[in-house]
>>> print(open('entry_39.cif').read())   # mmCIF, C-alpha atoms
data_query
loop_
_atom_site.label_atom_id
_atom_site.label_comp_id
_atom_site.auth_asym_id
_atom_site.auth_seq_id
_atom_site.Cartn_x
_atom_site.Cartn_y
_atom_site.Cartn_z
CA MET A 1 66.75 -169.06 -74.61
CA ARG A 2 66.81 -169.79 -78.33
CA ILE A 3 67.65 -173.20 -79.78
CA LYS A 4 68.20 -173.96 -83.47
CA ILE A 5 66.47 -177.15 -84.55
CA ARG A 6 67.63 -178.95 -87.65
CA ALA A 7 65.94 -182.03 -89.04
CA PHE A 8 66.86 -184.41 -91.83
CA ALA A 9 65.31 -187.11 -93.99
CA SER A 10 61.98 -188.37 -92.56
CA PHE A 11 62.32 -185.94 -89.62
CA ARG A 12 62.74 -183.01 -91.99
CA GLU A 13 59.41 -183.99 -93.52
CA ILE A 14 57.85 -183.65 -90.06
CA LEU A 15 59.70 -180.64 -88.61
CA GLY A 16 60.94 -178.74 -91.64
CA ARG A 17 64.60 -178.24 -92.45
CA GLU A 18 65.40 -175.72 -89.77
CA MET A 19 63.64 -173.67 -87.12
CA LEU A 20 64.35 -171.60 -84.06
CA VAL A 21 62.48 -172.38 -80.85
CA GLU A 22 62.26 -170.37 -77.67
CA ILE A 23 62.46 -172.48 -74.55
CA GLU A 24 62.88 -171.77 -70.86
CA SER A 25 66.45 -171.34 -69.59
CA GLY A 26 67.78 -174.45 -67.83
CA SER A 27 65.83 -176.79 -70.09
CA ARG A 28 67.12 -180.26 -70.88
CA VAL A 29 66.97 -182.29 -74.09
CA SER A 30 63.85 -184.02 -72.82
CA ASP A 31 62.12 -180.66 -72.28
CA LEU A 32 62.99 -179.62 -75.81
CA ILE A 33 61.59 -182.86 -77.22
CA ASN A 34 58.37 -182.42 -75.29
CA HIS A 35 58.11 -178.87 -76.55
CA LEU A 36 58.65 -179.98 -80.16
CA CYS A 37 56.09 -182.79 -79.79
CA LYS A 38 53.53 -180.21 -78.73
CA ILE A 39 54.19 -178.05 -81.80
CA LYS A 40 54.39 -181.02 -84.18
CA PRO A 41 52.17 -183.94 -83.10
CA ASP A 42 53.63 -186.09 -85.91
CA LEU A 43 56.96 -185.93 -84.10
CA ARG A 44 55.44 -187.63 -81.06
CA ARG A 45 54.30 -190.52 -83.23
CA ALA A 46 57.81 -190.79 -84.74
CA LEU A 47 59.64 -190.70 -81.41
CA PHE A 48 57.32 -192.63 -79.11
CA SER A 49 55.49 -195.92 -79.39
CA ASP A 50 51.72 -196.17 -78.76
CA THR A 51 52.50 -197.06 -75.15
CA GLY A 52 54.64 -193.93 -74.73
CA GLU A 53 58.07 -195.57 -74.88
CA LEU A 54 60.93 -193.90 -76.72
CA ARG A 55 61.64 -195.61 -80.03
CA ASP A 56 65.26 -196.26 -81.02
CA TYR A 57 65.01 -195.36 -84.70
CA PHE A 58 66.29 -191.82 -84.42
CA ILE A 59 69.45 -189.93 -83.52
CA ILE A 60 69.85 -186.57 -81.81
CA MET A 61 72.95 -184.44 -82.14
CA LEU A 62 73.66 -181.54 -79.81
CA ASN A 63 76.07 -179.11 -81.45
CA ARG A 64 77.08 -181.89 -83.88
CA ARG A 65 77.88 -184.39 -81.15
CA ARG A 66 75.72 -187.44 -81.05
CA LEU A 67 73.74 -187.96 -77.84
CA ASP A 68 73.65 -191.31 -76.12
CA LEU A 69 69.93 -191.88 -75.68
CA PRO A 70 68.00 -192.33 -73.46
CA LYS A 71 70.74 -191.38 -70.95
CA ASP A 72 71.46 -187.98 -72.54
CA LEU A 73 67.80 -186.94 -72.49
CA GLU A 74 68.83 -185.27 -69.24
CA ALA A 75 71.65 -183.30 -70.88
CA ALA A 76 71.40 -179.56 -70.40
CA ILE A 77 70.99 -177.29 -73.39
CA SER A 78 72.09 -173.69 -73.67
CA ASP A 79 71.19 -170.59 -75.58
CA ASN A 80 72.17 -170.82 -79.27
CA ASP A 81 72.68 -174.58 -79.18
CA GLU A 82 72.01 -176.50 -82.38
CA VAL A 83 69.96 -179.66 -81.96
CA ALA A 84 69.59 -182.00 -84.93
CA ILE A 85 67.11 -184.87 -85.23
CA PHE A 86 67.37 -187.54 -87.88
CA PRO A 87 66.93 -191.26 -88.58
CA PRO A 88 69.89 -193.71 -88.75
CA VAL A 89 72.25 -192.67 -91.52
CA ALA A 90 72.16 -194.36 -94.92
CA GLY A 91 74.77 -192.69 -97.09
CA GLY A 92 77.29 -194.18 -99.48
CA MET B 93 112.69 -231.84 -134.56
CA ARG B 94 112.44 -228.08 -134.16
CA ILE B 95 111.70 -226.35 -130.83
CA LYS B 96 110.97 -222.67 -130.38
CA ILE B 97 112.81 -221.17 -127.43
CA ARG B 98 111.57 -217.98 -125.84
CA ALA B 99 113.33 -216.21 -123.01
CA PHE B 100 112.37 -213.28 -120.84
CA ALA B 101 113.95 -210.79 -118.47
CA SER B 102 117.42 -211.90 -117.29
CA PHE B 103 117.16 -215.06 -119.41
CA ARG B 104 116.41 -213.01 -122.51
CA GLU B 105 119.68 -211.20 -121.89
CA ILE B 106 121.44 -214.58 -122.02
CA LEU B 107 119.51 -216.41 -124.75
CA GLY B 108 117.98 -213.64 -126.84
CA ARG B 109 114.27 -213.08 -127.17
CA GLU B 110 113.48 -216.04 -129.39
CA MET B 111 115.29 -218.78 -131.32
CA LEU B 112 114.65 -222.05 -133.05
CA VAL B 113 116.76 -225.06 -132.09
CA GLU B 114 117.05 -228.41 -133.81
CA ILE B 115 117.17 -231.33 -131.41
CA GLU B 116 116.95 -235.10 -131.75
CA SER B 117 113.44 -236.61 -131.84
CA GLY B 118 112.41 -238.15 -128.53
CA SER B 119 114.33 -235.57 -126.51
CA ARG B 120 113.20 -234.52 -123.08
CA VAL B 121 113.25 -231.13 -121.36
CA SER B 122 116.57 -232.05 -119.70
CA ASP B 123 118.13 -232.81 -123.10
CA LEU B 124 116.98 -229.44 -124.41
CA ILE B 125 118.47 -227.64 -121.40
CA ASN B 126 121.79 -229.43 -121.86
CA HIS B 127 121.75 -228.49 -125.53
CA LEU B 128 121.07 -224.84 -124.72
CA CYS B 129 123.78 -224.78 -122.06
CA LYS B 130 126.26 -225.93 -124.70
CA ILE B 131 125.28 -223.13 -127.08
CA LYS B 132 125.11 -220.50 -124.32
CA PRO B 133 127.54 -221.16 -121.45
CA ASP B 134 126.05 -218.25 -119.49
CA LEU B 135 122.84 -220.24 -119.28
CA ARG B 136 124.62 -223.03 -117.41
CA ARG B 137 125.78 -220.52 -114.78
CA ALA B 138 122.22 -219.19 -114.46
CA LEU B 139 120.58 -222.62 -114.12
CA PHE B 140 123.15 -224.61 -112.16
CA SER B 141 125.15 -223.91 -109.03
CA ASP B 142 128.94 -224.32 -108.97
CA THR B 143 128.44 -227.88 -107.72
CA GLY B 144 126.16 -228.71 -110.64
CA GLU B 145 122.82 -228.58 -108.81
CA LEU B 146 119.76 -227.05 -110.45
CA ARG B 147 118.94 -223.64 -108.97
CA ASP B 148 115.34 -222.81 -108.19
CA TYR B 149 115.31 -219.22 -109.42
CA PHE B 150 113.83 -219.91 -112.84
CA ILE B 151 110.65 -221.16 -114.44
CA ILE B 152 110.15 -223.18 -117.59
CA MET B 153 106.90 -223.24 -119.54
CA LEU B 154 106.18 -225.88 -122.16
CA ASN B 155 103.56 -224.61 -124.57
CA ARG B 156 102.55 -221.99 -121.98
CA ARG B 157 102.05 -224.50 -119.18
CA ARG B 158 104.41 -224.19 -116.27
CA LEU B 159 106.59 -227.23 -115.61
CA ASP B 160 106.99 -228.64 -112.13
CA LEU B 161 110.77 -228.80 -111.75
CA PRO B 162 112.86 -230.85 -111.22
CA LYS B 163 110.22 -233.60 -111.78
CA ASP B 164 109.22 -232.39 -115.25
CA LEU B 165 112.81 -232.33 -116.51
CA GLU B 166 111.87 -235.78 -117.80
CA ALA B 167 108.82 -234.48 -119.74
CA ALA B 168 108.92 -235.31 -123.44
CA ILE B 169 109.01 -232.50 -125.99
CA SER B 170 107.69 -232.65 -129.53
CA ASP B 171 108.28 -230.98 -132.85
CA ASN B 172 107.10 -227.34 -132.89
CA ASP B 173 106.81 -227.12 -129.11
CA GLU B 174 107.38 -223.72 -127.52
CA VAL B 175 109.63 -223.71 -124.48
CA ALA B 176 109.94 -220.52 -122.45
CA ILE B 177 112.56 -219.80 -119.77
CA PHE B 178 112.30 -216.93 -117.34
CA PRO B 179 112.89 -215.86 -113.73
CA PRO B 180 110.11 -215.63 -111.12
CA VAL B 181 107.52 -213.12 -112.24
CA ALA B 182 107.47 -209.57 -110.87
CA GLY B 183 104.61 -207.75 -112.56
CA GLY B 184 102.02 -205.40 -111.15
CA MET C 185 95.03 -206.04 -121.87
CA ILE C 186 98.78 -205.48 -122.04
CA SER C 187 99.68 -202.26 -123.74
CA ASP C 188 102.62 -200.13 -124.80
CA SER C 189 100.66 -196.94 -124.43
CA GLU C 190 99.19 -195.07 -121.47
CA ILE C 191 96.29 -196.76 -119.67
CA ASP C 192 93.03 -194.84 -120.00
CA LEU C 193 91.84 -195.13 -116.41
CA GLU C 194 88.63 -193.25 -116.95
CA GLU C 195 87.62 -195.42 -119.90
CA LEU C 196 88.30 -198.58 -117.86
CA LEU C 197 86.26 -197.31 -114.92
CA ASN C 198 83.37 -196.13 -117.05
CA ARG C 199 83.20 -199.53 -118.72
CA SER C 200 82.58 -201.12 -115.29
CA MET C 201 80.04 -198.61 -114.07
CA LYS C 202 76.73 -200.11 -114.99
CA PRO C 203 73.45 -199.63 -113.11
CA ASP C 204 73.39 -203.31 -112.08
CA ALA C 205 76.71 -203.01 -110.24
CA GLY C 206 76.44 -200.69 -107.26
CA ALA C 207 80.05 -201.13 -106.17
CA VAL C 208 83.21 -200.67 -108.19
CA VAL C 209 86.65 -201.19 -106.64
CA ALA C 210 89.77 -200.23 -108.55
CA PHE C 211 93.40 -200.89 -107.81
CA VAL C 212 95.89 -198.61 -109.54
CA GLY C 213 99.60 -199.44 -109.38
CA VAL C 214 101.93 -196.52 -109.93
CA VAL C 215 105.68 -196.54 -110.62
CA ARG C 216 107.02 -195.56 -107.24
CA ALA C 217 110.00 -193.25 -106.82
CA ASP C 218 112.25 -195.63 -104.90
CA PRO C 219 115.71 -194.25 -104.07
CA GLY C 220 117.90 -193.99 -107.16
CA VAL C 221 115.26 -195.28 -109.57
CA ARG C 222 114.74 -193.15 -112.68
CA ALA C 223 112.39 -195.27 -114.76
CA LEU C 224 111.02 -198.76 -115.21
CA GLU C 225 111.17 -201.16 -118.15
CA VAL C 226 108.34 -203.71 -118.20
CA GLU C 227 108.58 -206.93 -120.19
CA ALA C 228 105.83 -209.52 -120.69
CA TYR C 229 105.46 -213.04 -122.10
CA GLU C 230 102.37 -211.62 -123.65
CA GLU C 231 100.44 -214.67 -124.89
CA ALA C 232 101.02 -216.55 -121.63
CA ALA C 233 100.27 -213.46 -119.54
CA LEU C 234 96.94 -212.89 -121.28
CA GLU C 235 95.98 -216.55 -120.78
CA GLU C 236 96.85 -216.37 -117.09
CA LEU C 237 94.97 -213.07 -116.66
CA ARG C 238 91.92 -214.67 -118.22
CA ARG C 239 92.14 -217.57 -115.76
CA ILE C 240 92.54 -215.21 -112.78
CA LYS C 241 89.57 -213.17 -113.96
CA ASP C 242 87.39 -216.29 -114.26
CA GLU C 243 88.50 -217.42 -110.79
CA ALA C 244 87.56 -214.04 -109.29
CA ILE C 245 84.14 -214.10 -110.92
CA GLY C 246 83.58 -217.70 -109.79
CA ARG C 247 84.76 -217.18 -106.20
CA PHE C 248 83.31 -213.79 -105.40
CA GLY C 249 80.35 -213.52 -107.76
CA VAL C 250 81.41 -210.13 -109.10
CA SER C 251 79.85 -209.02 -112.35
CA SER C 252 83.01 -207.83 -114.10
CA VAL C 253 86.78 -207.83 -113.80
CA ASP C 254 88.99 -205.70 -116.03
CA VAL C 255 92.76 -205.63 -116.01
CA ALA C 256 95.17 -203.44 -117.93
CA HIS C 257 98.95 -203.75 -117.61
CA ARG C 258 101.60 -201.59 -119.21
CA LYS C 259 104.70 -202.86 -120.93
CA GLY C 260 107.71 -200.96 -122.24
CA ARG C 261 109.37 -197.92 -120.69
CA LEU C 262 107.55 -196.15 -117.83
CA SER C 263 108.40 -192.95 -115.98
CA LEU C 264 108.05 -192.41 -112.23
CA GLY C 265 104.42 -191.81 -111.28
CA GLU C 266 103.04 -193.52 -114.37
CA VAL C 267 100.26 -196.11 -114.06
CA ILE C 268 101.65 -199.62 -114.48
CA VAL C 269 98.57 -201.72 -113.73
CA VAL C 270 94.85 -201.22 -113.19
CA VAL C 271 92.37 -203.78 -111.86
CA VAL C 272 88.68 -202.87 -111.82
CA CYS C 273 86.04 -205.12 -110.25
CA ALA C 274 82.33 -204.33 -110.32
CA SER C 275 79.75 -206.04 -108.17
CA ALA C 276 76.27 -205.63 -106.77
CA HIS C 277 77.86 -205.45 -103.30
CA ARG C 278 81.02 -203.79 -102.07
CA LYS C 279 82.52 -206.58 -99.95
CA GLU C 280 82.82 -208.88 -102.96
CA ALA C 281 84.23 -206.11 -105.13
CA PHE C 282 87.01 -205.46 -102.58
CA GLN C 283 87.79 -209.16 -102.21
CA ALA C 284 87.88 -209.78 -105.96
CA CYS C 285 90.08 -206.76 -106.64
CA GLU C 286 92.61 -207.75 -103.99
CA TYR C 287 92.56 -211.37 -105.20
CA VAL C 288 93.24 -210.35 -108.80
CA ILE C 289 96.20 -208.09 -108.03
CA GLU C 290 97.74 -210.66 -105.65
CA GLU C 291 97.42 -213.47 -108.19
CA LEU C 292 98.65 -211.24 -110.99
CA LYS C 293 101.81 -210.50 -109.04
CA ARG C 294 102.26 -214.17 -108.20
CA ARG C 295 101.43 -215.83 -111.50
CA VAL C 296 101.38 -213.58 -114.55
CA PRO C 297 104.64 -213.67 -116.57
CA ILE C 298 105.62 -210.01 -116.46
CA TRP C 299 108.92 -208.57 -115.26
CA LYS C 300 110.20 -205.16 -114.27
CA LYS C 301 113.67 -203.74 -114.66
CA GLU C 302 114.61 -200.68 -112.67
CA LEU C 303 116.72 -198.12 -114.48
CA THR C 304 118.78 -196.51 -111.75
CA GLU C 305 121.54 -193.98 -111.54
CA GLU C 306 124.08 -196.82 -111.26
CA GLY C 307 122.68 -199.02 -113.99
CA GLU C 308 119.89 -201.50 -114.55
CA ARG C 309 118.56 -204.24 -112.28
CA TRP C 310 115.73 -206.74 -112.60
CA VAL C 311 113.16 -206.57 -109.81
CA ARG C 312 113.28 -209.89 -107.99
CA GLY C 313 110.05 -211.88 -108.09
CA ASP C 314 108.68 -213.13 -104.79
CA ALA C 315 107.26 -216.49 -105.77
CA CYS C 316 108.99 -219.33 -107.51
CA MET D 317 83.65 -183.04 -100.21
CA ILE D 318 79.86 -183.15 -100.54
CA SER D 319 78.68 -181.81 -103.83
CA ASP D 320 75.55 -181.12 -105.85
CA SER D 321 77.33 -181.68 -109.14
CA GLU D 322 78.86 -184.71 -110.81
CA ILE D 323 81.97 -186.18 -109.17
CA ASP D 324 85.08 -185.84 -111.32
CA LEU D 325 86.51 -189.31 -110.79
CA GLU D 326 89.57 -188.76 -112.90
CA GLU D 327 90.50 -185.57 -111.10
CA LEU D 328 90.13 -187.32 -107.73
CA LEU D 329 92.29 -190.24 -108.85
CA ASN D 330 94.96 -188.06 -110.40
CA ARG D 331 95.22 -186.07 -107.20
CA SER D 332 96.16 -189.29 -105.34
CA MET D 333 98.61 -190.61 -107.90
CA LYS D 334 101.95 -189.36 -106.69
CA PRO D 335 105.30 -191.07 -107.19
CA ASP D 336 105.64 -191.76 -103.45
CA ALA D 337 102.43 -193.80 -103.38
CA GLY D 338 102.77 -196.98 -105.41
CA ALA D 339 99.27 -198.23 -104.65
CA VAL D 340 95.97 -196.45 -105.09
CA VAL D 341 92.68 -198.15 -104.21
CA ALA D 342 89.39 -196.52 -105.14
CA PHE D 343 85.85 -197.40 -104.18
CA VAL D 344 83.13 -196.05 -106.45
CA GLY D 345 79.50 -196.35 -105.37
CA VAL D 346 76.97 -196.21 -108.17
CA VAL D 347 73.17 -195.73 -107.97
CA ARG D 348 71.99 -199.28 -108.56
CA ALA D 349 68.92 -200.06 -110.63
CA ASP D 350 66.94 -201.87 -107.94
CA PRO D 351 63.45 -203.03 -109.02
CA GLY D 352 61.09 -200.11 -109.43
CA VAL D 353 63.64 -197.46 -108.53
CA ARG D 354 63.84 -194.54 -110.95
CA ALA D 355 66.17 -192.12 -109.17
CA LEU D 356 67.70 -191.26 -105.82
CA GLU D 357 67.52 -188.13 -103.69
CA VAL D 358 70.47 -187.67 -101.35
CA GLU D 359 70.30 -185.42 -98.30
CA ALA D 360 73.16 -184.51 -95.95
CA TYR D 361 73.67 -182.75 -92.63
CA GLU D 362 76.56 -181.16 -94.35
CA GLU D 363 78.57 -179.53 -91.56
CA ALA D 364 78.32 -182.63 -89.36
CA ALA D 365 79.02 -184.95 -92.30
CA LEU D 366 82.19 -183.08 -93.23
CA GLU D 367 83.39 -183.18 -89.62
CA GLU D 368 82.74 -186.92 -89.42
CA LEU D 369 84.45 -187.56 -92.77
CA ARG D 370 87.49 -185.66 -91.52
CA ARG D 371 87.58 -187.86 -88.40
CA ILE D 372 87.24 -191.06 -90.45
CA LYS D 373 89.99 -189.90 -92.78
CA ASP D 374 92.33 -189.19 -89.85
CA GLU D 375 91.52 -192.61 -88.35
CA ALA D 376 92.35 -194.35 -91.63
CA ILE D 377 95.67 -192.52 -91.94
CA GLY D 378 96.49 -193.29 -88.29
CA ARG D 379 95.50 -196.96 -88.40
CA PHE D 380 96.81 -197.99 -91.80
CA GLY D 381 99.58 -195.48 -92.46
CA VAL D 382 98.25 -194.56 -95.89
CA SER D 383 99.54 -191.34 -97.38
CA SER D 384 96.21 -189.89 -98.52
CA VAL D 385 92.46 -190.43 -98.26
CA ASP D 386 90.01 -188.52 -100.42
CA VAL D 387 86.24 -188.78 -100.25
CA ALA D 388 83.59 -187.22 -102.45
CA HIS D 389 79.87 -187.73 -101.87
CA ARG D 390 77.00 -186.47 -103.97
CA LYS D 391 73.88 -184.85 -102.66
CA GLY D 392 70.69 -183.90 -104.47
CA ARG D 393 68.94 -185.81 -107.26
CA LEU D 394 70.84 -188.71 -108.88
CA SER D 395 69.93 -190.90 -111.84
CA LEU D 396 70.49 -194.66 -112.08
CA GLY D 397 74.12 -195.45 -112.83
CA GLU D 398 75.41 -192.13 -111.48
CA VAL D 399 78.33 -192.04 -109.06
CA ILE D 400 77.13 -191.37 -105.51
CA VAL D 401 80.37 -191.75 -103.56
CA VAL D 402 84.08 -192.11 -104.26
CA VAL D 403 86.79 -193.05 -101.74
CA VAL D 404 90.42 -192.96 -102.89
CA CYS D 405 93.27 -194.16 -100.67
CA ALA D 406 96.91 -193.95 -101.70
CA SER D 407 99.72 -195.77 -99.97
CA ALA D 408 103.26 -196.99 -100.48
CA HIS D 409 101.89 -200.55 -100.24
CA ARG D 410 98.72 -202.11 -101.57
CA LYS D 411 97.50 -204.06 -98.51
CA GLU D 412 97.17 -200.86 -96.47
CA ALA D 413 95.47 -199.05 -99.35
CA PHE D 414 92.81 -201.80 -99.59
CA GLN D 415 92.28 -201.87 -95.81
CA ALA D 416 91.99 -198.11 -95.53
CA CYS D 417 89.58 -197.83 -98.46
CA GLU D 418 87.28 -200.52 -97.07
CA TYR D 419 87.47 -198.97 -93.59
CA VAL D 420 86.50 -195.53 -94.88
CA ILE D 421 83.46 -196.66 -96.88
CA GLU D 422 82.23 -198.89 -94.01
CA GLU D 423 82.56 -196.10 -91.46
CA LEU D 424 81.04 -193.57 -93.85
CA LYS D 425 77.95 -195.76 -94.21
CA ARG D 426 77.77 -196.28 -90.46
CA ARG D 427 78.51 -192.80 -89.14
CA VAL D 428 78.23 -189.97 -91.66
CA PRO D 429 74.87 -188.16 -91.54
CA ILE D 430 73.68 -188.66 -95.10
CA TRP D 431 70.38 -190.20 -96.22
CA LYS D 432 68.95 -191.56 -99.44
CA LYS D 433 65.39 -191.49 -100.66
CA GLU D 434 64.41 -193.81 -103.47
CA LEU D 435 62.04 -192.38 -106.03
CA THR D 436 60.09 -195.37 -107.25
CA GLU D 437 57.19 -195.99 -109.58
CA GLU D 438 54.84 -196.14 -106.58
CA GLY D 439 56.21 -193.14 -104.72
CA GLU D 440 59.09 -192.19 -102.50
CA ARG D 441 60.73 -194.09 -99.64
CA TRP D 442 63.67 -193.40 -97.36
CA VAL D 443 66.38 -196.03 -97.44
CA ARG D 444 66.58 -197.55 -93.97
CA GLY D 445 69.90 -197.10 -92.19
CA ASP D 446 71.53 -200.18 -90.73
CA ALA D 447 73.07 -198.85 -87.57
CA CYS D 448 71.46 -196.88 -84.80
#
>>> encode(input="entry_39.cif", output="structure tokens")
Amino acid sequence: MRIKIRAFASFREILGREMLVEIESGSRVSDLINHLCKIKPDLRRALFSDTGELRDYFIIMLNRRRLDLPKDLEAAISDNDEVAIFPPVAGG
Amino acid sequence: MRIKIRAFASFREILGREMLVEIESGSRVSDLINHLCKIKPDLRRALFSDTGELRDYFIIMLNRRRLDLPKDLEAAISDNDEVAIFPPVAGG
Amino acid sequence: MISDSEIDLEELLNRSMKPDAGAVVAFVGVVRADPGVRALEVEAYEEAALEELRRIKDEAIGRFGVSSVDVAHRKGRLSLGEVIVVVVCASAHRKEAFQACEYVIEELKRRVPIWKKELTEEGERWVRGDAC
Amino acid sequence: MISDSEIDLEELLNRSMKPDAGAVVAFVGVVRADPGVRALEVEAYEEAALEELRRIKDEAIGRFGVSSVDVAHRKGRLSLGEVIVVVVCASAHRKEAFQACEYVIEELKRRVPIWKKELTEEGERWVRGDAC
């Protein structure tokens, strides 16, 4: 299935503004993250500490709804979903 | 001595915008009020209840400083003082 | 400032917008179309009002540390929907700008010698002041 | 509204000034001249930001009973002193207009996916968001 990845701010500088990735049907958010970390090793350094723990300085939205991490790492994703990755917001 | 009287809002409609009154040297605020009530009987009805008590729906300023009534009725006034009479403010 | 002529809102705002003040909060009071009201007549004890506004402005700067406070109030005849008062507070931080702006308009309404008369279909009536 | 071009503050304010709303409160955020900063680059996840702004606006109307809430946010390159965000709340009464305006800017900063990068003399740096 095909997932649209969008990235903003510091994560845009790692992943680019937008890309389409092909991933196995039935994948979960965690599978997608692992896939992206393989393509972009800098993403692994941004998302995980040296000891492999998930950092908390990023947000993931699935179809514009914010995921509750780490719980929602197990959320299922579907063909044509839009997944956005970005740091905490700082507008205004 | 000569006192400048200024009146605003409903009190302007009774007293006029501005006038000069001559009053005996050594007079107090209360003397001035009595004098004005003689010239303008409508002022007496605005300041005093039917039983002769001072109402609280007006403010007096002496040289642009608000008087604390009824205490300051005994304040002395001097030649060329400016006394202003008006209802509670309602700007903004 | 107390003025007979229309308040230039944009000019007032632009005056406050300086690169050292990241937050500007403005209050704009508009003549509201209350039932039966056709227009408003605003009267001021101008010298005393300007003195009191200056004191309120200094208090707001002292209490909240804002960098500027500007106030403009109309006098004379106003139509429905016209701007009657503008308060603009600029500050490095937004919380203080909000607090100062609310303080200034509250104190203005409580202390500054200005009065409003409503011109209605049945005649004229002075708006009753809250505080005495 | 999220826009590349300069925010027309007067147009935004005039839109809110209707005779049924006696009180208009506006927050204007300005690019502050922090030490070393030369300009700001603003980036937005625009579709998500507009959805979130719509939710915040509805919350403010529901909670405070204000009659209108308008928000404009810049994106792209901004110079020092330029307007980055404007929130305008109109209400029959001033207390609610102040509360709604402060609510909207606080929630915007906490929830709306927009980011700022400071362009400084030494290079570029993303402004760190407070909430996660």
>>> closest_residue(input="entry_39.cif", among="A:Met19, A:Ser25, A:Phe58, A:Ile14", to="Cys37 (chain A)", atoms="all atoms listed in the file")
A:Ile14
>>> calpha_fit_and_write(input="entry_39.cif", fixed="chain B", moving="chain A", output="short mmCIF file (atom, residue, chain, number, x, y, z; two decimals) with C-alpha atoms, keeping the file's coordinate frame")
data_model
loop_
_atom_site.label_atom_id
_atom_site.label_comp_id
_atom_site.auth_asym_id
_atom_site.auth_seq_id
_atom_site.Cartn_x
_atom_site.Cartn_y
_atom_site.Cartn_z
CA MET A 1 112.68 -231.83 -134.55
CA ARG A 2 112.43 -228.07 -134.16
CA ILE A 3 111.70 -226.35 -130.85
CA LYS A 4 110.97 -222.65 -130.39
CA ILE A 5 112.81 -221.17 -127.43
CA ARG A 6 111.56 -217.99 -125.84
CA ALA A 7 113.34 -216.22 -123.02
CA PHE A 8 112.38 -213.28 -120.84
CA ALA A 9 113.95 -210.79 -118.45
CA SER A 10 117.43 -211.90 -117.28
CA PHE A 11 117.13 -215.07 -119.41
CA ARG A 12 116.40 -213.02 -122.51
CA GLU A 13 119.67 -211.21 -121.89
CA ILE A 14 121.43 -214.59 -122.01
CA LEU A 15 119.50 -216.42 -124.75
CA GLY A 16 117.96 -213.66 -126.84
CA ARG A 17 114.24 -213.11 -127.18
CA GLU A 18 113.46 -216.06 -129.39
CA MET A 19 115.26 -218.79 -131.30
CA LEU A 20 114.63 -222.06 -133.03
CA VAL A 21 116.74 -225.07 -132.09
CA GLU A 22 117.04 -228.41 -133.81
CA ILE A 23 117.16 -231.32 -131.42
CA GLU A 24 116.93 -235.08 -131.77
CA SER A 25 113.43 -236.59 -131.85
CA GLY A 26 112.39 -238.12 -128.52
CA SER A 27 114.33 -235.54 -126.52
CA ARG A 28 113.20 -234.51 -123.06
CA VAL A 29 113.26 -231.12 -121.34
CA SER A 30 116.55 -232.04 -119.71
CA ASP A 31 118.11 -232.79 -123.11
CA LEU A 32 116.97 -229.43 -124.40
CA ILE A 33 118.46 -227.64 -121.40
CA ASN A 34 121.76 -229.42 -121.87
CA HIS A 35 121.74 -228.49 -125.53
CA LEU A 36 121.04 -224.83 -124.71
CA CYS A 37 123.77 -224.78 -122.05
CA LYS A 38 126.24 -225.93 -124.68
CA ILE A 39 125.27 -223.12 -127.06
CA LYS A 40 125.09 -220.49 -124.31
CA PRO A 41 127.54 -221.16 -121.45
CA ASP A 42 126.03 -218.25 -119.48
CA LEU A 43 122.82 -220.25 -119.26
CA ARG A 44 124.62 -223.03 -117.40
CA ARG A 45 125.79 -220.53 -114.79
CA ALA A 46 122.21 -219.21 -114.44
CA LEU A 47 120.59 -222.63 -114.11
CA PHE A 48 123.16 -224.60 -112.13
CA SER A 49 125.16 -223.91 -109.00
CA ASP A 50 128.97 -224.30 -108.94
CA THR A 51 128.47 -227.85 -107.68
CA GLY A 52 126.18 -228.68 -110.61
CA GLU A 53 122.85 -228.58 -108.78
CA LEU A 54 119.79 -227.07 -110.42
CA ARG A 55 118.97 -223.66 -108.98
CA ASP A 56 115.34 -222.82 -108.19
CA TYR A 57 115.31 -219.23 -109.43
CA PHE A 58 113.84 -219.92 -112.85
CA ILE A 59 110.64 -221.17 -114.44
CA ILE A 60 110.16 -223.21 -117.60
CA MET A 61 106.92 -223.26 -119.55
CA LEU A 62 106.19 -225.88 -122.18
CA ASN A 63 103.55 -224.62 -124.59
CA ARG A 64 102.55 -222.00 -121.98
CA ARG A 65 102.07 -224.53 -119.20
CA ARG A 66 104.41 -224.21 -116.30
CA LEU A 67 106.61 -227.24 -115.62
CA ASP A 68 107.00 -228.63 -112.14
CA LEU A 69 110.77 -228.80 -111.77
CA PRO A 70 112.86 -230.86 -111.24
CA LYS A 71 110.23 -233.60 -111.79
CA ASP A 72 109.22 -232.38 -115.26
CA LEU A 73 112.80 -232.32 -116.52
CA GLU A 74 111.89 -235.76 -117.82
CA ALA A 75 108.86 -234.48 -119.75
CA ALA A 76 108.92 -235.29 -123.44
CA ILE A 77 109.01 -232.51 -125.99
CA SER A 78 107.69 -232.63 -129.53
CA ASP A 79 108.29 -230.98 -132.84
CA ASN A 80 107.09 -227.34 -132.88
CA ASP A 81 106.81 -227.11 -129.10
CA GLU A 82 107.39 -223.71 -127.53
CA VAL A 83 109.64 -223.71 -124.48
CA ALA A 84 109.96 -220.52 -122.44
CA ILE A 85 112.57 -219.81 -119.78
CA PHE A 86 112.30 -216.94 -117.34
CA PRO A 87 112.91 -215.87 -113.74
CA PRO A 88 110.09 -215.64 -111.13
CA VAL A 89 107.51 -213.12 -112.27
CA ALA A 90 107.48 -209.58 -110.90
CA GLY A 91 104.65 -207.72 -112.59
CA GLY A 92 102.07 -205.35 -111.16
#
>>> atom_distance(input="entry_39.cif", atom1="CA of Tyr361 (chain D)", atom2="CA of Arg441 (chain D)")
18.6 Å
